[in-house]
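Trainee: One file: model.cif (mmCIF, C-alpha atoms and all ligand atoms).
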data_work
loop_
_atom_site.group_PDB
_atom_site.id
_atom_site.type_symbol
_atom_site.label_atom_id
_atom_site.label_comp_id
_atom_site.auth_asym_id
_atom_site.auth_seq_id
_atom_site.Cartn_x
_atom_site.Cartn_y
_atom_site.Cartn_z
ATOM 1 C CA MET R 540 19.994 -11.192 3.011
ATOM 2 C CA THR R 541 17.148 -12.762 0.992
ATOM 3 C CA VAL R 542 13.652 -11.249 0.996
ATOM 4 C CA ALA R 543 12.452 -14.127 3.204
ATOM 5 C CA GLU R 544 15.264 -13.500 5.696
ATOM 6 C CA LYS R 545 14.378 -9.803 5.806
ATOM 7 C CA VAL R 546 10.726 -10.626 6.541
ATOM 8 C CA ARG R 547 11.734 -13.003 9.344
ATOM 9 C CA GLU R 548 14.061 -10.360 10.783
ATOM 10 C CA LYS R 549 11.172 -7.866 10.984
ATOM 11 C CA VAL R 550 8.882 -10.448 12.563
ATOM 12 C CA ARG R 551 11.562 -11.463 15.079
ATOM 13 C CA GLY R 552 12.137 -7.805 16.049
ATOM 14 C CA SER R 553 8.420 -7.200 16.422
ATOM 15 C CA TYR R 554 7.802 -10.200 18.687
ATOM 16 C CA GLY R 555 10.933 -9.605 20.745
ATOM 17 C CA ALA R 556 9.665 -6.050 21.356
ATOM 18 C CA ALA R 557 6.168 -7.329 22.143
ATOM 19 C CA VAL R 558 7.521 -9.535 24.929
ATOM 20 C CA ARG R 559 9.550 -6.670 26.376
ATOM 21 C CA ALA R 560 6.716 -4.136 26.103
ATOM 22 C CA GLU R 561 3.424 -3.699 27.866
ATOM 23 C CA ARG R 562 1.440 -3.978 24.647
ATOM 24 C CA SER R 563 0.185 -6.750 22.426
ATOM 25 C CA CYS R 564 1.944 -7.694 19.181
ATOM 26 C CA CYS R 565 -1.095 -7.905 17.018
ATOM 27 C CA ALA R 566 -2.589 -4.532 17.887
ATOM 28 C CA ASP R 567 -0.593 -1.920 19.727
ATOM 29 C CA ALA R 568 -3.673 -0.609 21.560
ATOM 30 C CA VAL R 569 -4.717 -4.021 22.811
ATOM 31 C CA PRO R 570 -3.432 -4.707 26.346
ATOM 32 C CA LYS R 571 -1.298 -7.816 26.735
ATOM 33 C CA GLY R 572 -3.155 -10.919 27.804
ATOM 34 C CA VAL R 573 -6.360 -10.070 25.932
ATOM 35 C CA ALA R 574 -5.411 -12.450 23.099
ATOM 36 C CA ALA R 575 -5.574 -15.448 25.448
ATOM 37 C CA GLN R 576 -9.005 -14.435 26.749
ATOM 38 C CA THR R 577 -10.517 -14.275 23.277
ATOM 39 C CA ALA R 578 -8.663 -17.212 21.701
ATOM 40 C CA GLY R 579 -10.791 -20.055 23.036
ATOM 41 C CA TYR R 580 -8.996 -21.154 26.222
ATOM 42 C CA THR R 581 -11.195 -21.986 29.190
ATOM 43 C CA ARG R 582 -11.013 -19.917 32.378
ATOM 44 C CA ASP R 583 -9.708 -22.962 34.225
ATOM 45 C CA GLU R 584 -6.952 -23.523 31.666
ATOM 46 C CA LEU R 585 -5.800 -19.905 31.938
ATOM 47 C CA ALA R 586 -6.033 -19.830 35.728
ATOM 48 C CA ALA R 587 -3.752 -22.869 36.032
ATOM 49 C CA LEU R 588 -0.956 -21.365 33.898
ATOM 50 C CA PRO R 589 1.923 -19.067 34.927
ATOM 51 C CA GLN R 590 0.931 -15.427 34.270
ATOM 52 C CA ALA R 591 3.993 -14.826 32.047
ATOM 53 C CA ALA R 592 2.735 -17.438 29.592
ATOM 54 C CA VAL R 593 -0.805 -16.021 29.516
ATOM 55 C CA VAL R 594 0.212 -12.375 29.297
ATOM 56 C CA ASN R 595 2.663 -13.086 26.472
ATOM 57 C CA SER R 596 0.238 -15.230 24.521
ATOM 58 C CA PHE R 597 -0.376 -13.930 21.012
ATOM 59 C CA GLY R 598 -2.455 -16.696 19.505
ATOM 60 C CA CYS R 599 -5.725 -16.609 17.593
ATOM 61 C CA GLY R 600 -7.206 -19.927 18.734
ATOM 62 C CA ASN R 601 -6.680 -22.895 20.999
ATOM 63 C CA PRO R 602 -5.114 -25.610 18.832
ATOM 64 C CA LEU R 603 -5.415 -28.256 21.552
ATOM 65 C CA ALA R 604 -9.144 -27.782 22.180
ATOM 66 C CA PHE R 605 -11.013 -30.873 20.992
ATOM 67 C CA SER R 606 -7.793 -32.565 19.856
ATOM 68 C CA GLU R 607 -7.191 -36.145 20.933
ATOM 69 C CA VAL R 608 -3.662 -35.736 22.274
ATOM 70 C CA LYS R 609 -2.950 -38.718 24.537
ATOM 71 C CA PRO R 610 -0.541 -39.475 27.409
ATOM 72 C CA GLY R 611 2.891 -40.550 26.188
ATOM 73 C CA GLN R 612 2.631 -38.823 22.797
ATOM 74 C CA THR R 613 5.015 -36.279 21.243
ATOM 75 C CA VAL R 614 3.621 -32.821 20.408
ATOM 76 C CA LEU R 615 5.516 -30.237 18.362
ATOM 77 C CA ASP R 616 4.428 -26.577 18.544
ATOM 78 C CA LEU R 617 5.532 -24.398 15.612
ATOM 79 C CA GLY R 618 6.227 -20.826 16.759
ATOM 80 C CA SER R 619 5.648 -21.723 20.394
ATOM 81 C CA GLY R 620 6.146 -18.147 21.630
ATOM 82 C CA ALA R 621 6.064 -17.724 25.408
ATOM 83 C CA GLY R 622 4.768 -21.265 25.756
ATOM 84 C CA ILE R 623 1.033 -21.205 26.499
ATOM 85 C CA ASP R 624 0.272 -24.183 24.248
ATOM 86 C CA LEU R 625 3.451 -26.011 25.307
ATOM 87 C CA LEU R 626 2.272 -25.975 28.914
ATOM 88 C CA LEU R 627 -1.249 -27.094 28.012
ATOM 89 C CA ALA R 628 0.140 -29.852 25.783
ATOM 90 C CA ALA R 629 2.393 -31.006 28.627
ATOM 91 C CA GLY R 630 -0.703 -31.595 30.733
ATOM 92 C CA ARG R 631 -2.177 -33.754 27.963
ATOM 93 C CA VAL R 632 0.888 -35.909 27.237
ATOM 94 C CA GLY R 633 1.859 -36.220 30.912
ATOM 95 C CA PRO R 634 5.318 -37.045 32.258
ATOM 96 C CA THR R 635 5.813 -39.930 29.815
ATOM 97 C CA GLY R 636 5.209 -37.737 26.755
ATOM 98 C CA ARG R 637 7.261 -35.010 25.075
ATOM 99 C CA VAL R 638 6.441 -31.485 24.036
ATOM 100 C CA ILE R 639 8.828 -29.623 21.743
ATOM 101 C CA GLY R 640 8.463 -25.925 20.956
ATOM 102 C CA VAL R 641 10.317 -24.274 18.080
ATOM 103 C CA ASP R 642 10.620 -20.486 17.868
ATOM 104 C CA MET R 643 13.116 -18.082 16.317
ATOM 105 C CA THR R 644 12.842 -15.253 18.872
ATOM 106 C CA ASP R 645 15.204 -15.321 21.870
ATOM 107 C CA GLU R 646 12.827 -13.430 24.177
ATOM 108 C CA MET R 647 10.038 -15.935 23.466
ATOM 109 C CA ILE R 648 12.290 -18.941 24.024
ATOM 110 C CA ALA R 649 13.470 -17.477 27.353
ATOM 111 C CA ARG R 650 9.871 -16.914 28.574
ATOM 112 C CA ALA R 651 8.776 -20.401 27.529
ATOM 113 C CA ARG R 652 11.735 -22.002 29.318
ATOM 114 C CA GLU R 653 11.088 -19.992 32.494
ATOM 115 C CA SER R 654 7.395 -20.926 32.530
ATOM 116 C CA ALA R 655 8.030 -24.634 31.924
ATOM 117 C CA ALA R 656 10.676 -24.673 34.681
ATOM 118 C CA LYS R 657 8.350 -22.824 37.077
ATOM 119 C CA ALA R 658 5.583 -25.324 36.369
ATOM 120 C CA GLY R 659 8.041 -28.223 36.862
ATOM 121 C CA LEU R 660 7.299 -29.657 33.421
ATOM 122 C CA ALA R 661 10.422 -31.604 32.479
ATOM 123 C CA GLN R 662 8.693 -33.022 29.384
ATOM 124 C CA VAL R 663 8.756 -29.569 27.706
ATOM 125 C CA GLU R 664 11.752 -28.688 25.547
ATOM 126 C CA THR R 665 12.172 -25.451 23.604
ATOM 127 C CA ARG R 666 14.428 -25.278 20.564
ATOM 128 C CA LYS R 667 15.534 -22.129 18.810
ATOM 129 C CA GLY R 668 15.010 -22.464 15.074
ATOM 130 C CA LEU R 669 12.912 -21.766 12.025
ATOM 131 C CA ILE R 670 9.623 -23.405 11.186
ATOM 132 C CA GLU R 671 10.837 -23.497 7.567
ATOM 133 C CA GLU R 672 13.756 -25.712 8.658
ATOM 134 C CA LEU R 673 12.600 -27.527 11.776
ATOM 135 C CA PRO R 674 15.318 -28.740 14.163
ATOM 136 C CA VAL R 675 13.373 -31.978 14.618
ATOM 137 C CA GLU R 676 14.005 -35.529 13.376
ATOM 138 C CA SER R 677 11.849 -36.891 10.543
ATOM 139 C CA GLY R 678 8.880 -39.128 11.403
ATOM 140 C CA THR R 679 9.029 -38.606 15.173
ATOM 141 C CA VAL R 680 6.010 -36.433 16.026
ATOM 142 C CA ASP R 681 2.422 -37.518 16.844
ATOM 143 C CA TRP R 682 0.906 -34.029 16.755
ATOM 144 C CA VAL R 683 1.981 -30.799 15.099
ATOM 145 C CA ILE R 684 0.191 -27.833 16.618
ATOM 146 C CA SER R 685 0.625 -24.125 15.899
ATOM 147 C CA ASN R 686 -1.132 -20.942 16.928
ATOM 148 C CA CYS R 687 -1.132 -17.831 14.745
ATOM 149 C CA VAL R 688 2.331 -18.358 13.266
ATOM 150 C CA ILE R 689 2.367 -19.797 9.739
ATOM 151 C CA ASN R 690 0.666 -16.644 8.405
ATOM 152 C CA LEU R 691 3.922 -14.861 9.324
ATOM 153 C CA SER R 692 6.117 -17.151 7.224
ATOM 154 C CA PRO R 693 7.261 -15.821 3.851
ATOM 155 C CA GLU R 694 7.840 -19.466 2.771
ATOM 156 C CA LYS R 695 4.655 -21.319 3.694
ATOM 157 C CA ASP R 696 5.243 -24.236 1.318
ATOM 158 C CA ARG R 697 8.526 -24.976 3.115
ATOM 159 C CA VAL R 698 6.661 -24.972 6.425
ATOM 160 C CA PHE R 699 3.976 -27.325 5.114
ATOM 161 C CA ALA R 700 6.678 -29.677 3.746
ATOM 162 C CA GLU R 701 8.449 -29.638 7.126
ATOM 163 C CA ILE R 702 5.208 -30.537 8.912
ATOM 164 C CA ALA R 703 4.793 -33.547 6.623
ATOM 165 C CA ARG R 704 8.435 -34.551 7.155
ATOM 166 C CA VAL R 705 8.393 -34.577 10.974
ATOM 167 C CA LEU R 706 5.040 -36.343 11.445
ATOM 168 C CA ARG R 707 4.958 -40.091 12.047
ATOM 169 C CA PRO R 708 2.738 -42.065 9.646
ATOM 170 C CA GLY R 709 -0.798 -41.320 10.886
ATOM 171 C CA GLY R 710 0.440 -38.334 12.948
ATOM 172 C CA ARG R 711 -1.955 -35.398 13.050
ATOM 173 C CA ILE R 712 -2.109 -31.618 12.882
ATOM 174 C CA SER R 713 -4.232 -29.094 14.750
ATOM 175 C CA ILE R 714 -3.359 -25.586 13.632
ATOM 176 C CA SER R 715 -5.061 -22.287 14.454
ATOM 177 C CA ASP R 716 -4.158 -19.451 12.117
ATOM 178 C CA ILE R 717 -5.378 -16.248 10.509
ATOM 179 C CA VAL R 718 -6.709 -16.454 6.957
ATOM 180 C CA VAL R 719 -7.881 -13.653 4.678
ATOM 181 C CA GLU R 720 -9.826 -13.169 1.467
ATOM 182 C CA ASP R 721 -8.965 -10.524 -1.145
ATOM 183 C CA MET R 722 -6.548 -8.277 0.709
ATOM 184 C CA PRO R 723 -5.558 -5.281 -1.448
ATOM 185 C CA TRP R 724 -1.931 -4.790 -2.479
ATOM 186 C CA TRP R 725 -1.323 -1.929 -0.042
ATOM 187 C CA VAL R 726 -2.242 -4.149 2.899
ATOM 188 C CA ARG R 727 0.033 -6.884 1.529
ATOM 189 C CA ARG R 728 2.947 -4.439 1.366
ATOM 190 C CA SER R 729 2.665 -3.247 4.967
ATOM 191 C CA ALA R 730 5.415 -4.686 7.170
ATOM 192 C CA ARG R 731 3.461 -3.592 10.261
ATOM 193 C CA LEU R 732 0.343 -5.426 9.126
ATOM 194 C CA HIS R 733 2.523 -8.432 8.283
ATOM 195 C CA CYS R 734 3.791 -8.562 11.863
ATOM 196 C CA ALA R 735 0.180 -8.057 13.021
ATOM 197 C CA CYS R 736 -0.690 -11.408 11.349
ATOM 198 C CA VAL R 737 -2.793 -9.940 8.510
ATOM 199 C CA ALA R 738 -0.660 -8.979 5.500
ATOM 200 C CA GLY R 739 1.137 -12.327 5.213
ATOM 201 C CA ALA R 740 -2.001 -14.420 5.637
ATOM 202 C CA ILE R 741 -3.363 -16.509 2.763
ATOM 203 C CA SER R 742 -6.875 -17.735 1.992
ATOM 204 C CA GLU R 743 -8.391 -20.768 3.671
ATOM 205 C CA ALA R 744 -8.489 -22.586 0.319
ATOM 206 C CA ASP R 745 -4.783 -21.891 -0.346
ATOM 207 C CA TYR R 746 -3.924 -23.073 3.169
ATOM 208 C CA VAL R 747 -5.748 -26.370 2.683
ATOM 209 C CA ALA R 748 -4.188 -26.788 -0.781
ATOM 210 C CA GLY R 749 -0.698 -26.125 0.630
ATOM 211 C CA LEU R 750 -1.093 -28.763 3.337
ATOM 212 C CA GLU R 751 -2.418 -31.269 0.793
ATOM 213 C CA ARG R 752 0.404 -30.532 -1.668
ATOM 214 C CA ALA R 753 2.817 -31.371 1.146
ATOM 215 C CA GLY R 754 1.192 -34.822 1.334
ATOM 216 C CA LEU R 755 -1.224 -34.473 4.260
ATOM 217 C CA VAL R 756 -4.625 -36.122 4.024
ATOM 218 C CA ASP R 757 -8.094 -35.485 5.507
ATOM 219 C CA VAL R 758 -7.321 -31.785 5.716
ATOM 220 C CA GLU R 759 -10.284 -29.699 6.779
ATOM 221 C CA VAL R 760 -11.324 -26.612 8.704
ATOM 222 C CA THR R 761 -13.173 -27.430 11.913
ATOM 223 C CA GLU R 762 -13.642 -23.977 13.474
ATOM 224 C CA ARG R 763 -13.868 -20.369 12.335
ATOM 225 C CA LEU R 764 -13.798 -17.157 14.336
ATOM 226 C CA VAL R 765 -14.632 -14.265 12.022
ATOM 227 C CA TYR R 766 -13.364 -10.912 13.327
ATOM 228 C CA GLU R 767 -15.941 -8.188 13.778
ATOM 229 C CA ARG R 768 -15.773 -4.843 12.016
ATOM 230 C CA SER R 769 -14.927 -3.060 15.284
ATOM 231 C CA GLN R 770 -11.949 -5.374 15.942
ATOM 232 C CA ILE R 771 -10.506 -4.769 12.471
ATOM 233 C CA VAL R 772 -11.028 -0.997 12.707
ATOM 234 C CA SER R 773 -9.310 -0.809 16.087
ATOM 235 C CA LEU R 774 -6.385 -2.895 14.779
ATOM 236 C CA ALA R 775 -5.905 -0.455 11.855
ATOM 237 C CA ARG R 776 -6.229 2.622 14.092
ATOM 238 C CA SER R 777 -3.795 1.293 16.645
ATOM 239 C CA GLU R 778 -1.221 0.514 13.952
ATOM 240 C CA VAL R 779 -1.387 4.114 12.714
ATOM 241 C CA ALA R 780 -1.303 5.473 16.283
ATOM 242 C CA THR R 781 2.232 4.176 16.787
ATOM 243 C CA THR R 782 3.734 5.422 13.507
ATOM 244 C CA SER R 783 6.217 8.298 13.456
ATOM 245 C CA LEU R 784 3.816 10.609 11.549
ATOM 246 C CA PRO R 785 3.333 14.119 13.015
ATOM 247 C CA ARG R 786 0.477 14.168 15.548
ATOM 248 C CA TRP R 787 -1.988 16.196 13.405
ATOM 249 C CA LEU R 788 -1.471 13.868 10.458
ATOM 250 C CA ARG R 789 -1.638 10.767 12.635
ATOM 251 C CA SER R 790 -5.192 11.349 13.802
ATOM 252 C CA ALA R 791 -6.421 11.992 10.239
ATOM 253 C CA ALA R 792 -4.506 8.917 9.017
ATOM 254 C CA GLY R 793 -5.987 6.885 11.878
ATOM 255 C CA ARG R 794 -9.526 7.862 10.876
ATOM 256 C CA LEU R 795 -8.805 7.060 7.226
ATOM 257 C CA ALA R 796 -7.208 3.702 8.119
ATOM 258 C CA GLY R 797 -10.240 2.899 10.273
ATOM 259 C CA ARG R 798 -12.615 3.688 7.389
ATOM 260 C CA LEU R 799 -10.592 1.611 4.918
ATOM 261 C CA ALA R 800 -10.274 -1.261 7.377
ATOM 262 C CA ALA R 801 -14.049 -1.357 7.903
ATOM 263 C CA GLY R 802 -14.249 -2.639 4.320
ATOM 264 C CA PHE R 803 -12.420 -5.824 5.353
ATOM 265 C CA ALA R 804 -15.086 -6.921 7.800
ATOM 266 C CA GLY R 805 -15.895 -10.554 7.126
ATOM 267 C CA ARG R 806 -12.682 -11.073 5.148
ATOM 268 C CA VAL R 807 -10.305 -11.883 8.028
ATOM 269 C CA TRP R 808 -10.808 -14.835 10.347
ATOM 270 C CA SER R 809 -9.092 -17.377 12.529
ATOM 271 C CA ALA R 810 -9.474 -20.936 11.240
ATOM 272 C CA LYS R 811 -8.554 -24.250 12.791
ATOM 273 C CA PHE R 812 -7.015 -26.746 10.347
ATOM 274 C CA VAL R 813 -6.864 -30.457 11.089
ATOM 275 C CA GLY R 814 -5.354 -33.233 8.985
ATOM 276 C CA ALA R 815 -3.029 -36.217 9.104
ATOM 277 C CA ALA R 816 0.066 -37.780 7.589
ATOM 278 C CA PRO R 817 -0.803 -40.855 5.514
ATOM 279 C CA ARG R 818 -0.347 -44.221 7.282
HETATM 280 C C1 LIG L 901 1.737 -14.401 16.979
HETATM 281 S S1 LIG L 901 3.056 -15.111 17.898
HETATM 282 C C2 LIG L 901 2.277 -16.594 18.483
HETATM 283 C C3 LIG L 901 3.039 -17.229 19.600
HETATM 284 C C4 LIG L 901 2.359 -18.444 20.253
HETATM 285 N N1 LIG L 901 2.068 -19.474 19.289
HETATM 286 C C5 LIG L 901 1.114 -18.029 20.996
HETATM 287 O O1 LIG L 901 0.033 -18.561 20.688
HETATM 288 O O2 LIG L 901 1.205 -17.182 21.877
HETATM 289 C C6 LIG L 901 4.137 -15.715 16.610
HETATM 290 C C7 LIG L 901 5.366 -16.466 17.096
HETATM 291 O O3 LIG L 901 5.942 -17.162 15.999
HETATM 292 C C8 LIG L 901 7.339 -16.975 15.975
HETATM 293 N N2 LIG L 901 7.744 -17.072 14.555
HETATM 294 C C9 LIG L 901 7.271 -16.329 13.540
HETATM 295 N N3 LIG L 901 7.825 -16.726 12.386
HETATM 296 C C10 LIG L 901 8.672 -17.749 12.676
HETATM 297 C C11 LIG L 901 9.540 -18.565 11.894
HETATM 298 N N4 LIG L 901 9.646 -18.411 10.584
HETATM 299 N N5 LIG L 901 10.264 -19.523 12.528
HETATM 300 C C12 LIG L 901 10.171 -19.679 13.887
HETATM 301 N N6 LIG L 901 9.369 -18.921 14.677
HETATM 302 C C13 LIG L 901 8.620 -17.976 14.075
HETATM 303 C C14 LIG L 901 7.552 -15.624 16.609
HETATM 304 O O4 LIG L 901 8.840 -15.506 17.154
HETATM 305 C C15 LIG L 901 6.456 -15.592 17.675
HETATM 306 O O5 LIG L 901 6.910 -16.156 18.875
#
Rewrite the structure of this file - the entire thing - as structure tokens.

Mentor:
Amino acid sequence: MTVAEKVREKVRGSYGAAVRAERSCCADAVPKGVAAQTAGYTRDELAALPQAAVVNSFGCGNPLAFSEVKPGQTVLDLGSGAGIDLLLAAGRVGPTGRVIGVDMTDEMIARARESAAKAGLAQVETRKGLIEELPVESGTVDWVISNCVINLSPEKDRVFAEIARVLRPGGRISISDIVVEDMPWWVRRSARLHCACVAGAISEADYVAGLERAGLVDVEVTERLVYERSQIVSLARSEVATTSLPRWLRSAAGRLAGRLAAGFAGRVWSAKFVGAAPR
């Protein structure tokens, strides 16, 4: 197994467990469903969706907000998870459009399929596969969206190249993802923090450069949600709380992790990237 395959295996295991469990993926102490409430969806949007899609939503933004997705278009969601953005996209493209979700985790694919069937959305199709090797024909997609996924990829340049390949000329992207500045090596090496969408994240500038290297144009960041100190501290504490350390050591380690994490305030945020394939 290559290093990249090992990383994906960990991520797949973590998200499969997150769907089966009563907790969130990105912070063990955060109840499921909280991600959707803080990610920028409107109350009305959430109220209209099947609960399974909302509760199993692990995004960090709302990639469709303010996008100009139109009826009849084709939307591709990278790492579509339990399907929250697939269902919202289906409403935008209508019955004459197409929405394709790609995800590598069986549990996620199953939830997304159930929710789309329950909502009677025949225009939604979910494909099992990797975002580094999209099971999608070249030049067929009007919009690539993604929500808190590319940070998890150990091969981001492959993902960016795949985005450029599948877009039609003039096709567009709207991607919400976590970015970081100056993460120390010990954060980078943590598999748990990788699965929690922090350790694998790159800087905003590297993200933009990667998309441009792949050939996309007009790439820019249109929204930022900077995480507060308290959110970062509780993420670190909750990660330590579920380790197999003895109990006495766990609480001391939790306090230490919280103190160290406080130093990252202002260095982790969710950004929305937009851009286009050249015409
Ligand atoms: C943080 S969750 C986000 C899910 C969804 N976008 C949402 O907003 O709820 C990350 C998702 O990406 C999927 N994923 C991560 N890396 C992937 C890869 N390399 N190829 C395909 N899917 C991947 C995981 O299985 C998981 O469903």

Trainee: Starting from 6 Å padding per side, set up an axis-aligned box that covers all listed atoms of ligand LIG 901 (chain L) and hand over centre and edge lengths in Å, one decimal, as AutoDock Vina command-line options.

Mentor:
--center_x 5.1 --center_y -17.0 --center_z 16.2 --size_x 22.2 --size_y 17.3 --size_z 23.3

Trainee: Which residues are close to Val558 (chain R), i.e. within 8 Å by only C-alpha atoms, leaving aside same-chain residues fewer than 2 positions away? Reply as number ranges by chain.

Mentor: R: 554-556, 560-561, 595, 646-647

Trainee: Kindly give the distance, in Å, that separates CA of Ala703 (chain R) and CA of Pro817 (chain R), rounded to a single decimal.

Mentor: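 One can read the CA of Ala703 (chain R) to CA of Pro817 (chain R) distance as 9.3 Å.
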
Trainee: Pick out the residues sitting within 7 Å of Trp682 (chain R), and hand them over as a list in words; count all atoms listed in the file, and ignore anything fewer than 5 positions along from it in its own chain.

Mentor: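 Final neighbour list, sorted by chain and number: Thr613, Val614, Leu615, Gly710, Arg711 and Ile712 of chain R.
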
Trainee: Output C-alpha atoms of each residue in that selection to a file, as a PDB file, keeping the file's coordinate frame.

Mentor:
ATOM      1  CA  THR R 613       5.015 -36.279  21.243  1.00  0.00           C
ATOM      2  CA  VAL R 614       3.621 -32.821  20.408  1.00  0.00           C
ATOM      3  CA  LEU R 615       5.516 -30.237  18.362  1.00  0.00           C
ATOM      4  CA  GLY R 710       0.440 -38.334  12.948  1.00  0.00           C
ATOM      5  CA  ARG R 711      -1.955 -35.398  13.050  1.00  0.00           C
ATOM      6  CA  ILE R 712      -2.109 -31.618  12.882  1.00  0.00           C
TER       7      ILE R 712
END

Trainee: Name the residues, using the chain letters and numbers of the file, that sit within 12 Å of (-3.3, -16.2, 32.5) when counting only C-alpha atoms, and give them as a ChimeraX atom specification.

Mentor: /R:571-577,580-596,621-623,626-627,654

Trainee: Could you give me, as JSON lines, a per-residue list for chain R showing, wherever an atom lies at most 6 Å from an atom of ligand LIG 901 (chain L), the closest pair of atoms and their distance in Å to one decimal, using all atoms listed in the file and sorting by chain then residue number from low to high?

Mentor:
{"residue": "R:Arg547", "atom": "CA", "partner": "L:LIG901", "partner_atom": "N4", "distance": 5.9}
{"residue": "R:Arg551", "atom": "CA", "partner": "L:LIG901", "partner_atom": "O4", "distance": 5.3}
{"residue": "R:Tyr554", "atom": "CA", "partner": "L:LIG901", "partner_atom": "O4", "distance": 5.6}
{"residue": "R:Ser596", "atom": "CA", "partner": "L:LIG901", "partner_atom": "O2", "distance": 3.4}
{"residue": "R:Phe597", "atom": "CA", "partner": "L:LIG901", "partner_atom": "O2", "distance": 3.7}
{"residue": "R:Gly598", "atom": "CA", "partner": "L:LIG901", "partner_atom": "O1", "distance": 3.3}
{"residue": "R:Gly618", "atom": "CA", "partner": "L:LIG901", "partner_atom": "O3", "distance": 3.8}
{"residue": "R:Ser619", "atom": "CA", "partner": "L:LIG901", "partner_atom": "N1", "distance": 4.4}
{"residue": "R:Gly620", "atom": "CA", "partner": "L:LIG901", "partner_atom": "O5", "distance": 3.5}
{"residue": "R:Asp642", "atom": "CA", "partner": "L:LIG901", "partner_atom": "N6", "distance": 3.8}
{"residue": "R:Met643", "atom": "CA", "partner": "L:LIG901", "partner_atom": "C12", "distance": 4.1}
{"residue": "R:Thr644", "atom": "CA", "partner": "L:LIG901", "partner_atom": "O4", "distance": 4.4}
{"residue": "R:Met647", "atom": "CA", "partner": "L:LIG901", "partner_atom": "O5", "distance": 5.6}
{"residue": "R:Gly668", "atom": "CA", "partner": "L:LIG901", "partner_atom": "C12", "distance": 5.7}
{"residue": "R:Leu669", "atom": "CA", "partner": "L:LIG901", "partner_atom": "N5", "distance": 3.5}
{"residue": "R:Ile670", "atom": "CA", "partner": "L:LIG901", "partner_atom": "N5", "distance": 4.2}
{"residue": "R:Ser685", "atom": "CA", "partner": "L:LIG901", "partner_atom": "N1", "distance": 5.9}
{"residue": "R:Asn686", "atom": "CA", "partner": "L:LIG901", "partner_atom": "N1", "distance": 4.2}
{"residue": "R:Cys687", "atom": "CA", "partner": "L:LIG901", "partner_atom": "C1", "distance": 5.0}
{"residue": "R:Val688", "atom": "CA", "partner": "L:LIG901", "partner_atom": "C6", "distance": 4.6}
{"residue": "R:Leu691", "atom": "CA", "partner": "L:LIG901", "partner_atom": "N3", "distance": 5.3}
{"residue": "R:Ser692", "atom": "CA", "partner": "L:LIG901", "partner_atom": "N4", "distance": 5.0}

Trainee: Taking into account all atoms listed in the file, which residue in the set R:Leu673, R:Cys734, R:Ala748, R:Val663 is nearest to Val638 (chain R)?

Mentor: R:Val663

Trainee: Could you spell out the hits of the PyMOL selection byres (((chain R and resi 610) around 6) and not hetatm) on the shown file, as a PDB file with C-alpha atoms, keeping the file's coordinate frame?

Mentor:
ATOM      1  CA  LYS R 609      -2.950 -38.718  24.537  1.00  0.00           C
ATOM      2  CA  GLY R 611       2.891 -40.550  26.188  1.00  0.00           C
ATOM      3  CA  GLN R 612       2.631 -38.823  22.797  1.00  0.00           C
ATOM      4  CA  ARG R 631      -2.177 -33.754  27.963  1.00  0.00           C
ATOM      5  CA  VAL R 632       0.888 -35.909  27.237  1.00  0.00           C
ATOM      6  CA  GLY R 633       1.859 -36.220  30.912  1.00  0.00           C
TER       7      GLY R 633
END

Trainee: I'd like the interatomic distance between CA of Ala804 (chain R) and CA of Cys736 (chain R), to a tenth of an Å.

Mentor: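 Here the two named atoms are 15.5 Å from each other.
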
Trainee: For Thr635 (chain R), which residue among R:Val719, R:Ala796, R:Ala655, R:Ala661 is the nearest when counting all atoms listed in the file?

Mentor: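 Selected residue with least distance to Thr635 (chain R): R:Ala661.
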
Trainee: One decimal, in Å: what's the spacing between CA of Arg768 (chain R) and CA of Arg798 (chain R)?

Mentor: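 Atom-to-atom, CA of Arg768 (chain R) to CA of Arg798 (chain R), that is 10.2 Å.
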
Trainee: Could you write out as a list in words the residues that the PyMOL selection byres (((chain R and resi 708) around 9) and not hetatm) matches in the shown file?

Mentor: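 On this input, the PyMOL selection byres (((chain R and resi 708) around 9) and not hetatm) captures Gly678, Asp681, Leu706, Arg707, Gly709, Gly710, Arg711, Ala815, Ala816, Pro817 and Arg818 of chain R.
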
Trainee: Taking all atoms listed in the file into account, name the residue in R:Ala604, R:Val683, R:Glu676, R:Ile771 that is nearest to Gly640 (chain R).

Mentor: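 The shortest atom-to-atom distance to Gly640 (chain R) comes from R:Val683.
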
Trainee: When distances are computed from only C-alpha atoms, which of R:Glu759, R:Ser769, R:Asp696, R:Leu617 shows the smallest separation from Arg666 (chain R)?

Mentor: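 Nearest candidate to Arg666 (chain R) out of R:Glu759, R:Ser769, R:Asp696, R:Leu617: R:Leu617.
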
Trainee: For a quick check of understanding, using all atoms listed in the file, which of R:Arg559, R:Arg806, R:Arg728, R:Arg637 has the smallest distance to Glu743 (chain R)?

Mentor: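 Between R:Arg559, R:Arg806, R:Arg728, R:Arg637, the residue approaching Glu743 (chain R) most closely is R:Arg806.
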
Trainee: Name the closest residue to Lys549 (chain R) among the candidates R:Leu732, R:Val608, R:Gly793, R:Leu788; distances are taken between atoms, counting all atoms listed in the file.

Mentor: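 Once distances to Lys549 (chain R) are computed over all atoms listed in the file, the minimum belongs to R:Leu732.
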
Trainee: On this structure, the PyMOL selection byres (((chain R and resi 813) around 10) and not hetatm) would catch which residues? List them as a list in words, sorted by chain and number.

Mentor: Pro602, Ser606, Val683, Ile684, Arg711, Ile712, Ser713, Ile714, Ser715, Val747, Leu750, Leu755, Val756, Asp757, Val758, Glu759, Val760, Thr761, Glu762, Ala810, Lys811, Phe812, Gly814 and Ala815 of chain R
